[in-house]
Amino acid sequence: MGREASCTARVGQENGEVTALLESTTVVLRGAIRRKWEIASLQNLRLEGEALCFDADAEAVALALGSQEGGKWLKKLQTPPPTLAAKLGVSAENPALLIGPTVGALDPALAEALAQGLTGNVKAARMLVAVISKPGELERMADFHAQMICKTVWVVHQKGPGAFPSDAEIRTELRSRGYVDNKTSSVSDRLTATRYVRR
């Protein structure tokens with residue numbers, strides 16, 4: 001979401017100057033009052049004059065953002081986040097072919113995202129979704145995708161410094177084959193996805 005504003009805040013009985021941050025899943029206050037709330041937990045979102053107001057953790061909160069900026073914050077806070085399926089661009093009209101995982105079951109969040117948009121027809125697929133857990137799978141996936149009509153592949157792999165193959169290894173391999181990475185999306189606590197497009 002990415003909005004930031006300096007304003008006066010009232011949180012419960014506290015008043016002070018803060019920097020308010022509207023992040024993808026949280027609202028953060030820094031400065032004289034320090035708080036962090038999950039957006040999903042905010043109650044009674046509303047504008048009262050120049051202030052964005054809500055209840056959080058049994059405290060009444062008012063951020064004096066001004067009516068215009070407060071309205072923008074309110075709209076973003078009330079807009080549901082896009083689903084993983086929407087982030088990946090997978091739907092019945094825009095189906096994906098799935099390969100992997102070779103070890104274990106498909107991640108539940110990814111399974112849900114793909115539920116309405118999978119195809120077994122290589123020619124009908126608008127993209128490839130490849131779950132990679134070993135370096136050799138990356139090369140096999142790239143060779144497989146080279147034979148497909150669609151130019152897009154989402155590479156789903158482990159997050160973090162211990163991931164194998166790493167982001168850098170995946171990027172190096174695919175860029176060497178003429179791919180450009182242009183979007184990333186968190187899949188779950190354990191997995192991330194990067195979209196690559198073949199030139």
# chains A, B, ... in the order shown; residues from 1 in each chain; ligands from 1
>>> select_by_dssp(residues="stretch 137-169 of chain A", states="helix (DSSP H, G or I)", output="ChimeraX atom specification")
/A:137-146,167-169
>>> atom_distance(atom1="atom CA of A:Ala105", atom2="atom CA of A:Asp181")
26.3 Å
>>> atom_distance(atom1="atom CA of A:Val187", atom2="atom CA of A:Ala109")
6.6 Å
>>> closest_residue(among="A:Leu110, A:Leu174, A:Met148, A:Leu97", to="A:Ala193", atoms="only C-alpha atoms")
A:Leu110
>>> closest_residue(among="A:Ser6, A:Ser188, A:Gln13, A:Thr26", to="A:Asp107", atoms="only C-alpha atoms")
A:Ser188
>>> closest_atom_pairs(of="stretch 127-193 of chain A", to="stretch 78-90 of chain A", cutoff="10 Å", atoms="only C-alpha atoms", output="tab-separated table")
residue	atom	partner	partner_atom	distance
A:Met127	CA	A:Val90	CA	8.4
A:Val129	CA	A:Leu88	CA	9.2
A:Trp154	CA	A:Leu88	CA	7.8
A:Lys183	CA	A:Leu88	CA	9.3
A:Thr184	CA	A:Lys87	CA	9.0
A:Ser185	CA	A:Lys87	CA	7.0
A:Ser186	CA	A:Leu84	CA	8.2
A:Val187	CA	A:Leu84	CA	7.0
A:Ser188	CA	A:Leu84	CA	9.5
A:Ala193	CA	A:Leu88	CA	8.7
>>> write_last_selection(atoms="N, CA, C and O atoms", output="PDB file, in the first residue's frame")
ATOM      1  N   MET A 127       0.346 -19.730 -18.820  1.00  0.00           N
ATOM      2  CA  MET A 127       1.569 -19.593 -18.026  1.00  0.00           C
ATOM      3  C   MET A 127       1.925 -20.956 -17.446  1.00  0.00           C
ATOM      4  O   MET A 127       1.079 -21.852 -17.392  1.00  0.00           O
ATOM      5  N   VAL A 129       3.411 -22.650 -13.911  1.00  0.00           N
ATOM      6  CA  VAL A 129       3.734 -22.467 -12.493  1.00  0.00           C
ATOM      7  C   VAL A 129       4.614 -23.648 -12.118  1.00  0.00           C
ATOM      8  O   VAL A 129       4.179 -24.802 -12.204  1.00  0.00           O
ATOM      9  N   TRP A 154       5.934 -18.686 -13.562  1.00  0.00           N
ATOM     10  CA  TRP A 154       6.095 -18.332 -12.154  1.00  0.00           C
ATOM     11  C   TRP A 154       6.959 -19.412 -11.520  1.00  0.00           C
ATOM     12  O   TRP A 154       6.578 -20.586 -11.527  1.00  0.00           O
ATOM     13  N   LYS A 183       8.153  -9.505 -11.480  1.00  0.00           N
ATOM     14  CA  LYS A 183       7.203  -9.421 -10.372  1.00  0.00           C
ATOM     15  C   LYS A 183       7.483 -10.529  -9.375  1.00  0.00           C
ATOM     16  O   LYS A 183       7.873 -11.623  -9.763  1.00  0.00           O
ATOM     17  N   THR A 184       7.291 -10.216  -8.092  1.00  0.00           N
ATOM     18  CA  THR A 184       7.387 -11.245  -7.058  1.00  0.00           C
ATOM     19  C   THR A 184       6.132 -11.203  -6.193  1.00  0.00           C
ATOM     20  O   THR A 184       5.471 -10.170  -6.097  1.00  0.00           O
ATOM     21  N   SER A 185       5.825 -12.323  -5.587  1.00  0.00           N
ATOM     22  CA  SER A 185       4.667 -12.410  -4.704  1.00  0.00           C
ATOM     23  C   SER A 185       4.928 -13.444  -3.623  1.00  0.00           C
ATOM     24  O   SER A 185       5.425 -14.526  -3.909  1.00  0.00           O
ATOM     25  N   SER A 186       4.595 -13.098  -2.400  1.00  0.00           N
ATOM     26  CA  SER A 186       4.669 -14.083  -1.324  1.00  0.00           C
ATOM     27  C   SER A 186       3.559 -15.104  -1.530  1.00  0.00           C
ATOM     28  O   SER A 186       2.430 -14.754  -1.853  1.00  0.00           O
ATOM     29  N   VAL A 187       3.890 -16.372  -1.380  1.00  0.00           N
ATOM     30  CA  VAL A 187       2.906 -17.454  -1.512  1.00  0.00           C
ATOM     31  C   VAL A 187       2.417 -17.881  -0.130  1.00  0.00           C
ATOM     32  O   VAL A 187       1.227 -18.042   0.101  1.00  0.00           O
ATOM     33  N   SER A 188       3.360 -18.055   0.790  1.00  0.00           N
ATOM     34  CA  SER A 188       3.045 -18.493   2.148  1.00  0.00           C
ATOM     35  C   SER A 188       4.223 -18.105   3.030  1.00  0.00           C
ATOM     36  O   SER A 188       5.159 -17.443   2.575  1.00  0.00           O
ATOM     37  N   ALA A 193       7.168 -16.510  -4.911  1.00  0.00           N
ATOM     38  CA  ALA A 193       7.071 -16.768  -6.349  1.00  0.00           C
ATOM     39  C   ALA A 193       7.614 -15.563  -7.108  1.00  0.00           C
ATOM     40  O   ALA A 193       7.367 -14.421  -6.727  1.00  0.00           O
TER      41      ALA A 193
END
>>> residues_around(residues="A:Tyr196", least_positions_apart="4", cutoff="6 Å", atoms="only C-alpha atoms", output="ChimeraX atom specification")
/A:152-153,179-181
>>> select_by_dssp(residues="chain A", states="strand (DSSP E or B)", output="short mmCIF file (atom, residue, chain, number, x, y, z; two decimals) with C-alpha atoms, in the first residue's frame")
data_model
loop_
_atom_site.label_atom_id
_atom_site.label_comp_id
_atom_site.auth_asym_id
_atom_site.auth_seq_id
_atom_site.Cartn_x
_atom_site.Cartn_y
_atom_site.Cartn_z
CA ARG A 3 1.53 5.58 2.41
CA GLU A 4 3.31 7.70 5.00
CA ALA A 5 2.26 10.86 6.83
CA SER A 6 3.39 13.06 9.70
CA CYS A 7 0.45 13.92 11.92
CA THR A 8 -0.92 14.32 15.42
CA ALA A 9 -2.24 11.09 16.86
CA ARG A 10 -4.52 10.24 19.75
CA VAL A 11 -4.33 6.65 20.98
CA GLU A 14 -1.99 9.43 24.70
CA ASN A 15 -1.49 12.37 22.32
CA GLY A 16 1.59 13.14 20.27
CA GLU A 17 3.27 13.82 16.94
CA VAL A 18 3.91 10.67 14.93
CA THR A 19 4.91 9.33 11.59
CA ALA A 20 2.09 7.04 10.46
CA LEU A 21 2.85 4.28 7.97
CA LEU A 22 0.25 2.35 5.99
CA THR A 26 -0.17 -3.22 9.10
CA VAL A 27 -0.55 0.37 10.32
CA VAL A 28 2.56 1.56 12.18
CA LEU A 29 3.05 4.65 14.37
CA ARG A 30 6.55 5.94 15.10
CA GLY A 31 7.55 8.95 17.16
CA ARG A 35 2.17 1.17 17.88
CA LYS A 36 1.73 -1.51 15.24
CA TRP A 37 -1.65 -2.97 14.31
CA GLU A 38 -2.71 -5.61 11.83
CA GLN A 43 -12.60 -1.90 13.90
CA ASN A 44 -15.02 0.97 13.18
CA LEU A 45 -12.96 2.58 10.43
CA ARG A 46 -14.33 6.06 9.66
CA LEU A 47 -13.51 9.70 8.97
CA GLU A 48 -14.45 12.26 11.60
CA ALA A 51 -9.18 12.60 11.42
CA LEU A 52 -9.07 8.97 10.41
CA CYS A 53 -10.54 7.07 13.34
CA PHE A 54 -10.66 3.41 14.30
CA ASP A 55 -10.53 1.09 17.29
CA ALA A 56 -7.52 -1.18 17.80
CA GLU A 59 -8.01 1.70 22.25
CA ALA A 60 -9.71 4.49 20.31
CA VAL A 61 -7.34 5.88 17.67
CA ALA A 62 -7.55 9.20 15.78
CA LEU A 63 -4.94 10.24 13.20
CA ALA A 96 -1.81 -22.28 -15.69
CA LEU A 97 -0.01 -25.56 -16.17
CA LEU A 98 1.60 -26.78 -12.92
CA ILE A 99 4.80 -28.76 -12.56
CA LEU A 118 -5.37 -25.20 -13.74
CA MET A 127 1.57 -19.59 -18.03
CA LEU A 128 3.63 -22.24 -16.30
CA VAL A 129 3.73 -22.47 -12.49
CA ALA A 130 6.83 -24.41 -11.46
CA VAL A 131 7.52 -25.44 -7.84
CA THR A 152 5.39 -16.56 -18.71
CA VAL A 153 6.58 -18.80 -15.89
CA TRP A 154 6.10 -18.33 -12.15
CA VAL A 155 8.97 -19.98 -10.28
CA VAL A 156 7.83 -20.93 -6.78
CA HIS A 157 10.61 -21.67 -4.32
CA GLN A 158 11.65 -21.46 -0.67
CA TYR A 179 14.19 -14.43 -19.33
CA VAL A 180 13.40 -11.20 -17.49
CA ASP A 181 11.98 -11.22 -13.95
CA ASN A 182 9.32 -8.57 -13.43
CA LYS A 183 7.20 -9.42 -10.37
CA THR A 184 7.39 -11.24 -7.06
CA SER A 185 4.67 -12.41 -4.70
CA SER A 186 4.67 -14.08 -1.32
CA LEU A 191 7.37 -19.97 -0.23
CA THR A 192 7.74 -17.05 -2.62
CA ALA A 193 7.07 -16.77 -6.35
CA THR A 194 8.86 -14.77 -9.03
CA ARG A 195 7.42 -14.17 -12.49
CA TYR A 196 9.80 -14.55 -15.42
CA VAL A 197 8.96 -13.73 -19.03
CA ARG A 198 10.84 -15.19 -21.97
#
>>> closest_residue(among="A:Gly178, A:Ala163, A:Gly2, A:Asp57", to="A:Ser24", atoms="only C-alpha atoms")
A:Gly2
>>> atom_distance(atom1="atom CA of A:Gln147", atom2="atom CA of A:Arg190")
29.7 Å
